[in-house]
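Enquirer: The structure file structure.txt (compact mmCIF, C-alpha atoms) is provided below.
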# COMPACT_ATOMS: atom_id res chain seq x y z
CA MET A 1 52.59 -3.82 -31.79
CA ILE A 2 54.46 -3.82 -35.09
CA ILE A 3 52.45 -6.87 -36.18
CA VAL A 4 49.17 -5.04 -35.54
CA VAL A 5 50.27 -1.97 -37.52
CA VAL A 6 51.56 -4.05 -40.45
CA ALA A 7 48.43 -6.22 -40.48
CA THR A 8 46.21 -3.13 -40.55
CA LEU A 9 48.25 -1.59 -43.38
CA ARG A 10 48.04 -4.77 -45.43
CA ALA A 11 44.35 -5.45 -44.81
CA PRO A 12 42.03 -4.37 -47.64
CA GLY A 13 38.93 -2.19 -47.25
CA THR A 14 36.78 -2.74 -44.18
CA ARG A 15 38.96 -5.62 -43.05
CA ALA A 16 41.41 -2.98 -41.86
CA SER A 17 38.78 -1.82 -39.34
CA LEU A 18 38.39 -5.40 -38.11
CA VAL A 19 42.15 -5.79 -37.62
CA ALA A 20 42.45 -2.36 -35.99
CA VAL A 21 39.71 -3.00 -33.41
CA GLN A 22 40.86 -6.52 -32.59
CA GLY A 23 44.46 -5.35 -32.32
CA ALA A 24 43.40 -2.52 -30.00
CA LEU A 25 41.57 -4.97 -27.73
CA VAL A 26 44.63 -7.23 -27.48
CA LEU A 27 47.05 -4.36 -26.84
CA ALA A 28 44.79 -2.68 -24.28
CA GLY A 29 44.17 -5.96 -22.48
CA THR A 30 47.83 -6.94 -22.20
CA ILE A 31 49.59 -3.57 -21.72
CA PRO A 32 47.92 -1.95 -18.68
CA SER A 33 47.88 1.82 -18.31
CA PHE A 34 49.50 2.03 -14.87
CA ALA A 35 51.38 -1.24 -14.45
CA ALA A 36 53.29 -1.34 -17.74
CA PRO A 37 56.31 0.98 -18.09
CA SER A 38 55.88 4.11 -20.20
CA SER A 39 58.33 2.74 -22.76
CA VAL A 40 55.71 0.10 -23.58
CA ARG A 41 52.34 1.70 -22.94
CA VAL A 42 53.07 4.91 -24.90
CA PRO A 43 53.93 3.01 -28.13
CA ALA A 44 50.81 0.86 -27.57
CA ALA A 45 48.61 3.97 -27.46
CA ILE A 46 50.32 5.37 -30.56
CA CYS A 47 49.80 2.04 -32.31
CA ILE A 48 46.07 2.10 -31.57
CA ILE A 49 45.78 5.65 -32.93
CA LEU A 50 47.72 4.83 -36.11
CA CYS A 51 45.72 1.66 -36.80
CA ALA A 52 42.42 3.47 -36.29
CA LEU A 53 43.45 6.24 -38.67
CA VAL A 54 44.55 3.71 -41.29
CA ALA A 55 41.24 1.86 -40.92
CA LEU A 56 39.30 5.09 -41.46
CA LEU A 57 41.29 5.92 -44.58
CA LYS A 58 40.76 2.42 -45.96
CA ALA A 59 37.00 2.33 -45.43
CA PRO A 60 35.73 1.81 -49.02
CA ARG A 61 32.68 4.05 -48.61
CA GLY A 62 34.25 6.51 -46.26
CA VAL A 63 32.80 6.98 -42.79
CA ALA A 64 29.06 6.50 -42.27
CA TRP A 65 28.70 9.43 -39.91
CA SER A 66 25.19 8.44 -38.86
CA ASP A 67 26.65 5.27 -37.34
CA VAL A 68 28.87 7.18 -34.94
CA ASN A 69 27.85 7.83 -31.35
CA TRP A 70 29.05 11.44 -31.35
CA PRO A 71 28.39 12.10 -27.64
CA LEU A 72 30.67 9.12 -26.96
CA VAL A 73 33.41 10.63 -29.12
CA ALA A 74 32.97 13.94 -27.29
CA LEU A 75 33.27 12.13 -23.94
CA MET A 76 36.54 10.53 -25.03
CA VAL A 77 37.87 13.92 -26.12
CA CYS A 78 36.88 15.22 -22.69
CA VAL A 79 38.74 12.32 -21.05
CA GLY A 80 41.82 13.05 -23.15
CA VAL A 81 41.84 16.80 -22.47
CA ASN A 82 41.40 16.29 -18.73
CA GLY A 83 44.27 13.83 -18.81
CA LEU A 84 46.51 16.75 -19.78
CA ARG A 85 45.44 19.02 -16.93
CA GLY A 86 47.85 19.07 -14.01
CA GLN A 87 49.98 16.15 -15.18
CA THR A 88 53.63 15.95 -16.10
CA PHE A 89 54.21 16.36 -19.82
CA GLN A 90 54.86 12.67 -20.50
CA THR A 91 51.94 11.43 -18.39
CA GLY A 92 49.59 14.07 -19.78
CA ILE A 93 50.46 13.26 -23.38
CA TYR A 94 49.90 9.56 -22.73
CA PHE A 95 46.42 10.05 -21.29
CA PHE A 96 45.57 12.55 -24.01
CA GLY A 97 46.66 9.94 -26.55
CA VAL A 98 44.50 7.31 -24.84
CA GLY A 99 41.49 9.62 -25.07
CA CYS A 100 42.17 10.26 -28.77
CA GLY A 101 42.68 6.56 -29.45
CA LEU A 102 39.41 5.65 -27.74
CA GLY A 103 37.58 8.39 -29.63
CA LEU A 104 38.88 6.95 -32.92
CA LEU A 105 37.94 3.45 -31.75
CA ALA A 106 34.37 4.69 -31.27
CA VAL A 107 34.32 5.70 -34.94
CA VAL A 108 36.05 2.60 -36.33
CA PHE A 109 34.12 -0.06 -34.43
CA PRO A 110 30.75 0.53 -36.19
CA ILE A 111 32.50 0.08 -39.55
CA ALA A 112 33.86 -3.32 -38.50
CA ALA A 113 30.63 -4.36 -36.76
CA ARG A 114 28.53 -3.53 -39.81
CA SER A 115 30.73 -5.66 -42.06
CA TYR A 116 31.59 -8.59 -39.78
CA GLY A 117 29.18 -8.47 -36.84
CA SER A 118 30.10 -7.43 -33.32
CA VAL A 119 30.59 -11.04 -32.16
CA ARG A 120 33.42 -11.67 -34.59
CA VAL A 121 35.01 -8.28 -33.95
CA LEU A 122 35.04 -8.89 -30.19
CA SER A 123 36.17 -12.53 -30.35
CA PRO A 124 39.70 -11.71 -29.04
CA LEU A 125 38.15 -10.99 -25.64
CA ALA A 126 37.08 -14.64 -25.47
CA LEU A 127 40.21 -16.07 -27.10
CA MET A 128 42.41 -14.37 -24.50
CA LEU A 129 40.64 -16.09 -21.58
CA PRO A 130 42.86 -19.23 -21.55
CA VAL A 131 45.92 -16.96 -21.53
CA HIS A 132 44.61 -15.00 -18.56
CA LEU A 133 43.78 -18.24 -16.77
CA ALA A 134 47.22 -19.75 -17.41
CA LEU A 135 48.98 -16.62 -16.19
CA GLY A 136 46.68 -16.38 -13.18
CA VAL A 137 47.47 -19.97 -12.23
CA ALA A 138 51.19 -19.25 -12.67
CA GLU A 139 50.88 -16.42 -10.14
CA GLN A 140 49.28 -18.76 -7.64
CA LEU A 141 51.93 -21.45 -8.09
CA GLY A 142 54.80 -18.97 -7.91
CA PRO A 143 53.99 -16.22 -5.38
CA ASN A 144 56.86 -14.09 -6.68
CA VAL A 145 55.51 -14.12 -10.23
CA VAL A 146 54.35 -10.69 -11.44
CA PHE A 147 54.15 -9.85 -15.13
CA TRP A 148 54.27 -6.06 -14.86
CA PRO A 149 56.34 -5.19 -11.74
CA THR A 150 55.55 -1.78 -10.25
CA ASP A 151 57.83 -1.86 -7.19
CA THR A 152 54.81 -1.40 -4.91
CA TRP A 153 52.89 -3.63 -2.51
CA MET A 154 50.87 -4.89 -5.50
CA ASP A 155 53.89 -6.93 -6.62
CA PHE A 156 53.34 -9.39 -3.76
CA LEU A 157 50.52 -11.90 -4.06
CA ALA A 158 49.97 -12.10 -0.30
CA ASN A 159 49.17 -8.37 -0.21
CA ARG A 160 46.28 -8.87 -2.62
CA HIS A 161 43.91 -10.47 -0.11
CA GLN A 162 41.54 -13.02 -1.66
CA GLU A 163 38.00 -12.72 -0.23
CA LEU A 164 36.22 -14.74 -2.90
CA LEU A 165 38.43 -17.84 -2.51
CA PRO A 166 40.11 -17.48 0.90
CA SER A 167 42.06 -20.72 0.42
CA LEU A 168 44.20 -19.07 -2.27
CA ALA A 169 47.34 -17.12 -1.43
CA GLY A 170 45.97 -13.95 -3.01
CA ARG A 171 44.29 -12.37 -6.04
CA SER A 172 45.73 -12.99 -9.49
CA MET A 173 45.98 -10.15 -11.99
CA SER A 174 47.62 -11.80 -15.03
CA VAL A 175 48.93 -9.17 -17.47
CA ALA A 176 46.02 -6.85 -16.67
CA GLY A 177 48.01 -5.07 -13.98
CA HIS A 178 45.27 -5.20 -11.34
CA PRO A 179 42.92 -7.91 -9.99
CA ILE A 180 39.78 -5.82 -10.62
CA LEU A 181 40.82 -5.23 -14.22
CA LEU A 182 41.47 -8.96 -14.71
CA GLY A 183 38.00 -9.67 -13.31
CA THR A 184 36.47 -7.11 -15.67
CA LEU A 185 38.25 -8.52 -18.73
CA ALA A 186 37.29 -12.06 -17.71
CA ALA A 187 33.65 -11.01 -17.31
CA ALA A 188 33.65 -9.39 -20.77
CA GLY A 189 35.29 -12.47 -22.28
CA ILE A 190 32.65 -14.74 -20.74
CA LEU A 191 29.86 -12.71 -22.32
CA VAL A 192 31.55 -12.85 -25.74
CA ALA A 193 32.22 -16.61 -25.42
CA ILE A 194 28.59 -17.32 -24.54
CA GLU A 195 27.38 -15.23 -27.48
CA LEU A 196 29.82 -17.11 -29.74
CA PHE A 197 28.35 -20.39 -28.51
CA ARG A 198 24.82 -19.12 -29.09
CA THR A 199 25.54 -18.14 -32.68
CA ARG A 200 27.94 -20.95 -33.70
CA ARG A 201 26.97 -23.84 -31.42
CA ARG A 202 30.51 -25.14 -30.93
CA GLY A 203 31.60 -26.63 -27.62
CA ARG A 204 34.97 -24.92 -27.57
CA TYR A 205 33.28 -21.63 -26.80
CA LEU A 206 31.87 -23.11 -23.60
CA VAL A 207 35.43 -24.17 -22.75
CA LEU A 208 36.50 -20.55 -23.24
CA ALA A 209 33.66 -19.39 -20.98
CA SER A 210 34.80 -21.88 -18.35
CA CYS A 211 38.34 -20.53 -18.56
CA GLY A 212 36.89 -17.07 -18.06
CA ALA A 213 34.94 -18.16 -15.00
CA ALA A 214 38.10 -19.65 -13.49
CA ALA A 215 40.12 -16.50 -14.26
CA LEU A 216 37.34 -14.40 -12.73
CA ALA A 217 37.48 -16.50 -9.57
CA LEU A 218 41.28 -16.19 -9.38
CA SER A 219 40.95 -12.40 -9.63
CA GLY A 220 38.77 -12.39 -6.51
CA THR A 221 36.70 -9.50 -7.91
CA ARG A 222 33.30 -9.82 -6.25
CA SER A 223 31.80 -6.86 -8.10
CA ALA A 224 32.76 -8.45 -11.45
CA VAL A 225 31.13 -11.74 -10.40
CA PHE A 226 27.98 -9.83 -9.51
CA ALA A 227 28.07 -7.82 -12.75
CA THR A 228 28.54 -11.01 -14.78
CA ALA A 229 25.53 -12.63 -13.10
CA VAL A 230 23.38 -9.57 -13.82
CA CYS A 231 24.50 -9.50 -17.47
CA LEU A 232 23.74 -13.20 -17.88
CA VAL A 233 20.22 -12.60 -16.57
CA ILE A 234 19.86 -9.73 -19.05
CA TRP A 235 21.23 -11.95 -21.83
CA PHE A 236 18.62 -14.63 -21.00
CA LEU A 237 15.77 -12.13 -20.92
CA LEU A 238 16.82 -10.50 -24.19
CA THR A 239 16.61 -13.85 -25.96
CA ARG A 240 12.95 -14.15 -24.94
CA ARG A 241 10.29 -12.86 -27.32
CA GLY A 242 8.62 -9.61 -26.43
CA ALA A 243 11.33 -8.57 -23.97
CA SER A 244 12.03 -4.85 -23.96
CA ARG A 245 15.79 -4.37 -24.07
CA LEU A 246 15.78 -0.82 -22.76
CA VAL A 247 13.37 -1.37 -19.87
CA LEU A 248 14.96 -4.62 -18.71
CA THR A 249 18.48 -3.30 -19.02
CA ILE A 250 17.85 -0.06 -17.14
CA GLY A 251 15.87 -1.87 -14.45
CA LEU A 252 18.52 -4.49 -13.78
CA ILE A 253 21.39 -2.02 -13.87
CA GLY A 254 19.51 0.22 -11.45
CA ALA A 255 18.87 -2.72 -9.11
CA SER A 256 22.53 -3.69 -9.33
CA ILE A 257 23.71 -0.21 -8.43
CA VAL A 258 21.34 -0.10 -5.46
CA ALA A 259 22.62 -3.52 -4.35
CA ILE A 260 26.23 -2.41 -4.52
CA GLN A 261 25.76 0.95 -2.82
CA SER A 262 23.37 -0.28 -0.12
CA GLY A 263 25.73 -2.97 1.11
CA PHE A 264 23.54 -5.85 -0.10
CA LEU A 265 26.34 -7.12 -2.33
CA ALA A 266 28.75 -7.06 0.60
CA PHE A 267 26.22 -8.94 2.73
CA VAL A 268 25.82 -11.66 0.08
CA PHE A 269 29.53 -12.35 -0.18
CA SER A 270 30.71 -11.79 3.37
CA ASP A 271 29.41 -10.20 6.56
CA SER A 272 32.86 -8.74 7.24
CA VAL A 273 33.11 -6.86 3.95
CA GLN A 274 31.20 -3.82 5.18
CA SER A 275 33.89 -3.13 7.76
CA GLY A 276 36.74 -3.61 5.29
CA VAL A 277 38.83 -0.81 3.82
CA SER A 278 37.62 -1.44 0.28
CA TYR A 279 33.94 -1.02 1.14
CA THR A 280 34.32 1.86 3.60
CA HIS A 281 36.52 3.74 1.14
CA ARG A 282 33.83 3.58 -1.55
CA VAL A 283 31.24 4.78 0.92
CA ASP A 284 33.48 7.70 1.95
CA VAL A 285 34.07 8.72 -1.66
CA LEU A 286 30.38 8.49 -2.56
CA GLY A 287 29.46 10.54 0.49
CA SER A 288 31.98 13.24 -0.48
CA THR A 289 30.08 14.30 -3.59
CA LEU A 290 28.27 17.11 -1.81
CA ASP A 291 31.52 18.36 -0.27
CA ILE A 292 33.17 18.42 -3.71
CA TYR A 293 30.23 20.46 -4.99
CA ARG A 294 30.42 22.93 -2.12
CA ASN A 295 34.17 23.48 -2.45
CA ALA A 296 34.25 23.90 -6.24
CA ASP A 297 34.12 27.28 -7.95
CA SER A 298 32.01 27.77 -11.08
CA ALA A 299 34.75 26.69 -13.49
CA GLN A 300 35.63 23.60 -11.47
CA LEU A 301 31.97 22.68 -11.12
CA PHE A 302 31.49 22.73 -14.89
CA PHE A 303 34.92 21.52 -16.11
CA GLY A 304 36.32 19.72 -13.04
CA VAL A 305 39.83 19.99 -11.61
CA GLY A 306 41.63 17.77 -14.15
CA ASP A 307 43.24 14.38 -13.64
CA GLY A 308 46.49 15.81 -12.29
CA HIS A 309 44.75 17.54 -9.38
CA ALA A 310 42.41 14.69 -8.44
CA VAL A 311 44.62 13.39 -5.64
CA LYS A 312 44.51 16.80 -3.90
CA LEU A 313 40.79 16.32 -3.36
CA PHE A 314 41.52 13.46 -0.96
CA ASP A 315 43.62 15.78 1.19
CA THR A 316 41.42 18.87 1.01
CA VAL A 317 37.87 17.59 0.57
CA ILE A 318 37.31 13.84 0.74
CA ASN A 319 39.56 12.97 3.71
CA ALA A 320 38.87 9.25 3.56
CA GLN A 321 40.16 7.72 6.77
CA ASP A 322 41.89 4.89 4.90
CA ARG A 323 43.97 7.46 2.96
CA LEU A 324 43.52 5.58 -0.34
CA GLN A 325 44.17 7.92 -3.25
CA MET A 326 41.64 6.67 -5.78
CA PHE A 327 37.93 7.23 -6.25
CA ASP A 328 36.77 3.66 -6.93
CA ASN A 329 33.65 5.21 -8.43
CA GLN A 330 33.80 6.42 -12.02
CA LEU A 331 30.80 8.73 -11.78
CA VAL A 332 32.25 10.57 -8.79
CA ARG A 333 35.57 10.74 -10.60
CA PHE A 334 33.90 12.22 -13.69
CA PHE A 335 32.20 14.83 -11.51
CA ALA A 336 35.42 15.76 -9.70
CA VAL A 337 37.88 15.58 -12.60
CA SER A 338 35.86 16.82 -15.57
CA GLY A 339 32.80 18.36 -13.96
CA VAL A 340 29.12 18.40 -14.78
CA LEU A 341 29.99 18.67 -18.48
CA SER A 342 31.30 15.11 -18.61
CA LEU A 343 28.24 13.75 -16.81
CA VAL A 344 25.90 15.42 -19.30
CA VAL A 345 27.89 14.08 -22.24
CA LEU A 346 28.02 10.63 -20.61
CA ALA A 347 24.24 10.62 -20.20
CA ALA A 348 23.79 11.54 -23.87
CA ALA A 349 26.22 8.82 -24.96
CA LEU A 350 24.36 6.21 -22.90
CA VAL A 351 20.97 7.23 -24.33
CA VAL A 352 22.26 6.92 -27.90
CA ALA A 353 24.00 3.64 -27.13
CA PHE A 354 21.13 1.83 -25.45
CA ARG A 355 18.73 2.84 -28.22
CA ARG A 356 20.68 1.16 -31.01
CA SER A 357 23.23 -1.33 -29.66
CA ASP A 358 22.89 -5.03 -30.38
CA ARG A 359 22.68 -7.70 -27.69
CA LEU A 360 26.40 -8.24 -27.17
CA THR A 361 27.40 -4.58 -27.11
CA SER A 362 24.44 -3.87 -24.80
CA LEU A 363 25.78 -6.48 -22.39
CA LEU A 364 29.28 -4.99 -22.48
CA LEU A 365 27.77 -1.58 -21.81
CA CYS A 366 25.78 -2.97 -18.87
CA LEU A 367 28.92 -4.59 -17.50
CA SER A 368 30.81 -1.31 -17.82
CA VAL A 369 28.15 0.78 -16.10
CA ILE A 370 27.90 -1.63 -13.17
CA MET A 371 31.69 -1.70 -12.81
CA PHE A 372 31.69 2.12 -12.77
CA PHE A 373 30.81 1.66 -9.10
CA SER A 374 33.77 -0.61 -8.38
CA PHE A 375 36.88 1.24 -9.58
CA ASP A 376 38.19 4.14 -11.66
CA PHE A 377 36.97 2.40 -14.80
CA MET A 378 37.92 4.98 -17.44
CA THR A 379 41.49 5.53 -16.24
CA TRP A 380 42.56 2.09 -17.49
CA MET A 381 42.70 1.80 -21.29
CA ALA A 382 41.54 -1.83 -21.22
CA SER A 383 38.32 -1.22 -19.27
CA ALA A 384 37.69 2.09 -21.06
CA SER A 385 37.91 0.20 -24.36
CA LEU A 386 35.12 -2.12 -23.19
CA PHE A 387 32.91 0.87 -22.44
CA VAL A 388 33.68 2.48 -25.80
CA ILE A 389 32.94 -0.73 -27.70
CA GLY A 390 29.68 -1.21 -25.82
CA ALA A 391 28.56 2.38 -26.38
CA ALA A 392 29.75 2.54 -30.00
CA GLY A 393 27.94 -0.58 -31.18
CA SER A 394 25.20 -0.41 -33.78
CA ARG A 395 22.64 -2.95 -34.91
CA ALA A 396 23.48 -5.15 -37.86
CA THR A 397 21.16 -3.40 -40.32
CA PRO A 398 21.95 -2.37 -43.89
CA ALA A 399 24.57 0.36 -43.89
CA PRO A 400 23.15 3.84 -44.41
CA SER A 401 24.46 6.12 -47.07
CA THR A 402 27.29 8.37 -46.00
CA VAL A 403 26.88 12.11 -45.73
CA GLY A 404 29.11 14.97 -46.63
CA ALA A 405 32.03 13.90 -48.78
CA ALA A 406 30.76 10.34 -49.26
CA VAL A 407 33.11 9.65 -52.13
CA ALA A 408 34.94 6.36 -51.68
CA ARG A 409 38.43 6.93 -50.42
CA PRO A 410 41.32 5.22 -52.15
CA ALA A 411 42.77 2.24 -50.31
CA ILE A 412 46.21 2.74 -48.83
Can I see the file as structure tokens?
Expert:
Amino acid sequence: MIIVVVATLRAPGTRASLVAVQGALVLAGTIPSFAAPSSVRVPAAICIILCALVALLKAPRGVAWSDVNWPLVALMVCVGVNGLRGQTFQTGIYFFGVGCGLGLLAVVFPIAARSYGSVRVLSPLALMLPVHLALGVAEQLGPNVVFWPTDTWMDFLANRHQELLPSLAGRSMSVAGHPILLGTLAAAGILVAIELFRTRRRGRYLVLASCGAAALALSGTRSAVFATAVCLVIWFLLTRRGASRLVLTIGLIGASIVAIQSGFLAFVFSDSVQSGVSYTHRVDVLGSTLDIYRNADSAQLFFGVGDGHAVKLFDTVINAQDRLQMFDNQLVRFFAVSGVLSLVVLAAALVVAFRRSDRLTSLLLCLSVIMFFSFDFMTWMASASLFVIGAAGSRATPAPSTVGAAVARPAI
């Protein structure tokens, strides 16, 4: 963490934005929100905020406000504020800090992408794949190996049942803190590695993609495998002439969501999945949306109940028979925790993002939206960072003039 802060302070001009974003991706991907102890994750969040602020101050031309996806920034503020509601002071401050850090990341990323290109900025996602693979293999070879112990059932490999590769002892999670999060990071890294190969034509990037595929398999995350396949199809179509990015993207994402929610995805991977706790829990939560609406007063309907009160919904409204205390559906979570307001802001952020993002950030955004239907995507800083990067991206066109006080700021 100290290295990231020092490197950002020492970096000149727009290079500080590059270092800040890459450092944020590494920290978010290795210090998970729930698995890492607060003594580590709180400083990591503070580090991301400090580096983003330094990068903004060092931007030679100031901030190009027209580059910023402001609905996305508003959504991150909403996430941060709702993280305060109903939580203990320490937990609330952490999640508020995560929301602020992600909001700043949404402003800093376009600066770095304009100067260096999104592929270079996001390269750490691909470079971390061999590390995730090595740690995932270590978990398989030593069943008692866990890199962020939580003193729960998740610490034991045998409790993380592997459906994708039944011959393995369980699902690896590397330093991500959860198998689904490892699968999501591996999927994102694969997309970056393939784009690196496309632009630079060097074989080592295919090696990185292969490491990502292996790490994805070790995670046992079927939804991430499916999302990766969909994104690769989108990537192929977007490289064809005359392809409409918006139409193809929306169509494939919509088909993916229907496949997941209808049980088609479960049928493809295993006939027994539909009777499993994981699948039935998601169905229960999705079916509870109308009950949440009926039981909410006007304020709760518009602003939600807050993160700290989300668990109460499972006892008073949702009543999932499996008694799992998570939504496993980010859209339902948004509706319950932060109300209709967050869904409206999310829709605006997605419209802005899909209209101007480049190929790689579009793919990350597609991956994020599909994975919204697999787990509480925005509660983990690592996965939330992927969504922010995807939604914050802008095309590599000449930088527009800044507005307001567009006077160049002095370098720190």
Enquirer: Which distance in Å separates atom CA of A:Leu125 and atom CA of A:Val192, to one decimal?
Expert: 6.9 Å
Enquirer: Any idea what the distance is between atom CA of A:Leu286 and atom CA of A:Gly29?
Expert: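 Taking atom CA of A:Leu286 as the start and atom CA of A:Gly29 as the end point, the length is 28.2 Å.
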Enquirer: Would you mind telling me which residue in A:Thr150, A:Asn329, A:Thr91, A:Ser118 lies nearest to A:Phe372 when using all atoms listed in the file?
Expert: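 That would be A:Asn329, the residue with the smallest distance to A:Phe372.
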Enquirer: Measuring atom to atom with all atoms listed in the file, identify which of A:Leu9, A:Leu386, A:Ala138, A:Ile31 is nearest to A:Val54.
Expert: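 Of A:Leu9, A:Leu386, A:Ala138, A:Ile31, the one nearest A:Val54, counting all atoms listed in the file, is A:Leu9.
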Enquirer: Record the distance separating atom CA of A:Leu218 and atom CA of A:Trp380, expressed in Å with one decimal.
Expert: 20.0 Å
Enquirer: Select, from A:Ile49, A:Ala215, A:Ala188, A:Leu208, the residue with the minimum atom-to-atom distance to A:Met371, counting all atoms listed in the file.
Expert: A:Ala188
Enquirer: Do you know which residues are at most 7 Å from A:Ala209 counting all atoms listed in the file, after dropping those on the same chain fewer than 4 positions away, and could you put them as a ChimeraX atom specification?
Expert: /A:190,193-194,205,213
Enquirer: Nearest residue to A:Leu181 out of A:Val145, A:Ala224, A:Leu57, A:Ile3, using all atoms listed in the file?
Expert: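 The answer is A:Ala224, which sits nearest to A:Leu181.
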Enquirer: Taking into account all atoms listed in the file, which residue in the set A:Asn69, A:Gln140, A:Gln22, A:Gln87 is nearest to A:Val352?
Expert: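 With all atoms listed in the file as the atom set, the closest residue is A:Asn69.
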